[in-house]
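Here the structure is laid out as structure tokens; the discussion comes afterwards.
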Amino acid sequence: MGASGRVGGAAAQSLADNGAAVRVGLRTPEKWTGPGAAVHFDLADAATYSALSGCAALFLMWPPGTTTAQVGALIEAARSQGVRRVVFLSILGAEKVPVLPHRQMEKLLMASGGEWTFLRASYFMQNLSTTHRDDIRLRDEIFLPAGQGRTSMVDVLDVGEVAALALQGGHAERAYDLTGPAAPNYFEVAQVLSDGLGRSVRYTDPSPLAFVRLGLKRGVPPSFVLFMLAEYTVARLGRAGRVTRTVEELLGRPANDLRAFVQRELVAWR
Ligand SMILES: NC(=O)c1ccc[n+]([C@@H]2O[C@H](COP(=O)([O-])OP(=O)(O)OC[C@H]3O[C@@H](n4cnc5c(N)ncnc54)[C@H](OP(=O)(O)O)[C@@H]3O)[C@@H](O)[C@H]2O)c1
């Protein structure tokens, strides 16, 4: 699932590159142009869970807007249809935050009786080319309330490649903390973007209040403004900078760094 999204898309591509048979479950399979066979699947519609029939392994992610109960029902359906292992896209530090939906889903998987692997990913580099793209593209600014805090951001392509590896077995009952190779603060991120783009991108370091006010004024939905405030407060408090070598250990090559990511995605900000 999630193959039309960032990590799921990278996982599907990596699996196909490894010669694995891939089935992608999508709400709009007719639009799929990537690898594998596309079938109709909607987490919000249990009647579509039969899409799992005959699958050996499931890449599971939590699409915002769906519920823990729906994920629980999918985990049960996977078990009853003989899916042996589930690789779940979680969040770095989830084990310390019991109220986080991702942690609740981890617990459901641990109790499910099947094989599980958790990919606890740090912030995605791709947030810069999706969520924050227009701030950079149109206003030459990074606008988020992370203060001087460091973030060990990871490339989604690395997370997808690790997902593909785990889906093919040998990683049962493991929780992997996946980060990039360094933890820049957003002044440094702005410098990397400026170097890559050949124009000046500034990190404007708004206060939490200024971030909320301007976000709302720009028409960002209130719930998303508050979600980002919470997310970047973690960085502001110095809690998002832990770097691990797990990607390198698993893939046998260094994790992709921010400069390489920026070069690859330059078109997003032009
Ligand atoms: N952003 C970060 O920095 C970060 C870091 C760590 C973990 N995460 C976690 O990563 C997850 C998001 O992964 P992503 O960024 O790869 O996803 P994404 O690019 O936002 O794409 C979302 C995917 O979910 C699918 N989807 C939405 N509703 C669905 C439904 N009802 N049934 C089935 N599929 C549905 C979408 O498919 P359609 O084509 O059907 O819309 C799409 O493929 C979230 O759980 C997030 O908390 C994010």
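Numbering starts fresh at 1 for the residues of each chain in the structure tokens, the chains themselves are lettered A, B, ... in the order given, and ligands are numbered from 1 as they appear.
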Within segment 38-234 of chain A, find each residue whose DSSP state, derived from the backbone, is helix (DSSP H, G or I), and express the selection as a PyMOL selection string.
-> chain A and resi 46-52+68-80+94-96+101-110+125-128+133-139+156-167+186-197+208-217+222-234
Shell of 10 Å around Glu173 of chain A, only C-alpha atoms, local chain residues under 5 positions omitted, as a VMD selection string | chain A and resid 85 87 109 to 110 114 to 118
What does the file look like for those residues with N, CA and C atoms, as an mmCIF file, in the first residue's frame?
```
data_model
loop_
_atom_site.group_PDB
_atom_site.id
_atom_site.type_symbol
_atom_site.label_atom_id
_atom_site.label_comp_id
_atom_site.auth_asym_id
_atom_site.auth_seq_id
_atom_site.Cartn_x
_atom_site.Cartn_y
_atom_site.Cartn_z
ATOM 1 N N ARG A 85 4.477 -11.623 6.806
ATOM 2 C CA ARG A 85 5.217 -10.550 7.465
ATOM 3 C C ARG A 85 4.691 -9.181 7.063
ATOM 4 N N VAL A 87 5.879 -5.088 7.156
ATOM 5 C CA VAL A 87 6.912 -4.068 7.369
ATOM 6 C C VAL A 87 6.186 -2.745 7.511
ATOM 7 N N LEU A 109 0.785 -4.771 15.898
ATOM 8 C CA LEU A 109 1.593 -5.726 15.123
ATOM 9 C C LEU A 109 2.325 -6.699 16.041
ATOM 10 N N MET A 110 2.848 -6.179 17.166
ATOM 11 C CA MET A 110 3.581 -7.064 18.088
ATOM 12 C C MET A 110 2.651 -8.121 18.680
ATOM 13 N N GLY A 114 2.222 -12.432 13.925
ATOM 14 C CA GLY A 114 2.965 -12.548 12.667
ATOM 15 C C GLY A 114 4.333 -11.897 12.780
ATOM 16 N N GLU A 115 5.129 -12.038 11.724
ATOM 17 C CA GLU A 115 6.443 -11.362 11.695
ATOM 18 C C GLU A 115 6.233 -9.875 11.464
ATOM 19 N N TRP A 116 7.001 -9.044 12.147
ATOM 20 C CA TRP A 116 6.916 -7.600 11.923
ATOM 21 C C TRP A 116 8.313 -6.994 11.882
ATOM 22 N N THR A 117 8.428 -5.921 11.138
ATOM 23 C CA THR A 117 9.633 -5.078 11.143
ATOM 24 C C THR A 117 9.151 -3.632 11.174
ATOM 25 N N PHE A 118 9.739 -2.829 12.055
ATOM 26 C CA PHE A 118 9.357 -1.417 12.128
ATOM 27 C C PHE A 118 10.461 -0.560 11.519
#
```
Each residue of chain A with at least one atom at most 7 Å from ligand 1 should appear once, together with its nearest atom pair and the corresponding distance in Å (one decimal); atoms considered: only C-alpha atoms and all ligand atoms; ordering: chain, then increasing residue number; output as CSV.
```
residue,atom,partner,partner_atom_place_in_ligand_line,distance
A:Met1,CA,ligand 1,34 (N),5.9
A:Gly2,CA,ligand 1,43 (O),3.2
A:Ala3,CA,ligand 1,43 (O),4.9
A:Ser4,CA,ligand 1,43 (O),3.8
A:Gly5,CA,ligand 1,19 (O),3.3
A:Arg6,CA,ligand 1,16 (O),3.7
A:Val7,CA,ligand 1,16 (O),3.7
A:Gly8,CA,ligand 1,16 (O),5.5
A:Leu26,CA,ligand 1,40 (O),5.1
A:Arg27,CA,ligand 1,40 (O),4.2
A:Thr28,CA,ligand 1,40 (O),6.0
A:Phe41,CA,ligand 1,33 (C),6.0
A:Asp42,CA,ligand 1,32 (N),3.7
A:Leu43,CA,ligand 1,32 (N),3.7
A:Ala44,CA,ligand 1,31 (N),4.9
A:Met61,CA,ligand 1,45 (O),5.4
A:Trp62,CA,ligand 1,45 (O),4.0
A:Pro63,CA,ligand 1,24 (O),4.6
A:Pro64,CA,ligand 1,45 (O),6.1
A:Thr66,CA,ligand 1,31 (N),6.1
A:Leu89,CA,ligand 1,10 (O),6.1
A:Ser90,CA,ligand 1,7 (C),5.4
A:Ile91,CA,ligand 1,6 (C),4.4
A:Leu92,CA,ligand 1,6 (C),6.7
A:Arg120,CA,ligand 1,6 (C),6.8
A:Ala121,CA,ligand 1,6 (C),4.5
A:Ser122,CA,ligand 1,5 (C),5.1
A:Tyr123,CA,ligand 1,3 (O),3.4
A:Phe124,CA,ligand 1,3 (O),3.9
A:Asn127,CA,ligand 1,1 (N),5.9
```
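Residues in contact with Arg137 of chain A at 9 Å, where only C-alpha atoms are counted and same-chain residues fewer than 5 positions away are skipped, are listed as A:His132, A:Ala268, A:Trp269, A:Arg270.
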Suppose we keep C-alpha atoms; can you now write the selection as a JSON list (two decimals), in the first residue's frame?
```json
[["chain", "number", "residue", "atom", "x", "y", "z"],
["A", 132, "HIS", "CA", 7.62, 23.23, 2.14],
["A", 268, "ALA", "CA", 10.94, 21.13, -7.45],
["A", 269, "TRP", "CA", 12.12, 24.58, -6.35],
["A", 270, "ARG", "CA", 12.66, 26.18, -9.74]]
```
Rounded to one decimal place, report the atom CA of Arg139 of chain A-atom CA of Arg236 of chain A distance in Å.
-> 22.5 Å
Rank A:Thr67, A:Leu167, A:Thr131, A:Thr151 by their smallest atom-to-atom distance to Phe224 of chain A, using only C-alpha atoms, and report the top residue only.
-> A:Thr131
Choose the residue, out of A:Pro145, A:Gly160, A:Gly72, A:Pro98, that has the smallest atom-to-atom separation from Gly9 of chain A; count only C-alpha atoms.
->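 Of the candidates, the smallest distance to Gly9 of chain A is held by A:Gly160.
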Which residue, A:Leu100, A:Val86, A:Ala111, A:Val154, has the smallest gap to Gln126 of chain A when you use only C-alpha atoms?
->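 Result for the nearest residue to Gln126 of chain A: A:Val154.
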Name all residues at most 12 Å from Ser223 of chain A (count only C-alpha atoms; drop same-chain ones fewer than 6 positions away) and give them as a list in words.
->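 Within the cut-off, the hits are Pro64, Gly65, Val212, Gly215, Leu216, Leu229 and Ala230 of chain A.
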Print the selection's residues with N, CA and C atoms to a file, as a PDB file, in the first residue's frame.
```
ATOM      1  N   PRO A  64      -2.437   9.496   6.942  1.00  0.00           N
ATOM      2  CA  PRO A  64      -3.155  10.444   7.791  1.00  0.00           C
ATOM      3  C   PRO A  64      -4.606  10.553   7.321  1.00  0.00           C
ATOM      4  N   GLY A  65      -5.516  10.624   8.285  1.00  0.00           N
ATOM      5  CA  GLY A  65      -6.935  10.690   7.929  1.00  0.00           C
ATOM      6  C   GLY A  65      -7.629   9.347   8.111  1.00  0.00           C
ATOM      7  N   VAL A 212       2.272  30.035  13.538  1.00  0.00           N
ATOM      8  CA  VAL A 212       0.833  29.719  13.528  1.00  0.00           C
ATOM      9  C   VAL A 212       0.072  30.839  12.841  1.00  0.00           C
ATOM     10  N   GLY A 215       0.881  30.985   9.044  1.00  0.00           N
ATOM     11  CA  GLY A 215       0.368  29.772   8.396  1.00  0.00           C
ATOM     12  C   GLY A 215      -1.137  29.889   8.159  1.00  0.00           C
ATOM     13  N   LEU A 216      -1.867  30.323   9.197  1.00  0.00           N
ATOM     14  CA  LEU A 216      -3.328  30.465   9.068  1.00  0.00           C
ATOM     15  C   LEU A 216      -3.670  31.535   8.035  1.00  0.00           C
ATOM     16  N   LEU A 229       3.486  22.485  14.000  1.00  0.00           N
ATOM     17  CA  LEU A 229       4.021  23.147  15.191  1.00  0.00           C
ATOM     18  C   LEU A 229       4.553  22.096  16.171  1.00  0.00           C
ATOM     19  N   ALA A 230       3.747  21.046  16.391  1.00  0.00           N
ATOM     20  CA  ALA A 230       4.175  19.994  17.312  1.00  0.00           C
ATOM     21  C   ALA A 230       5.427  19.297  16.779  1.00  0.00           C
TER      22      ALA A 230
END
```
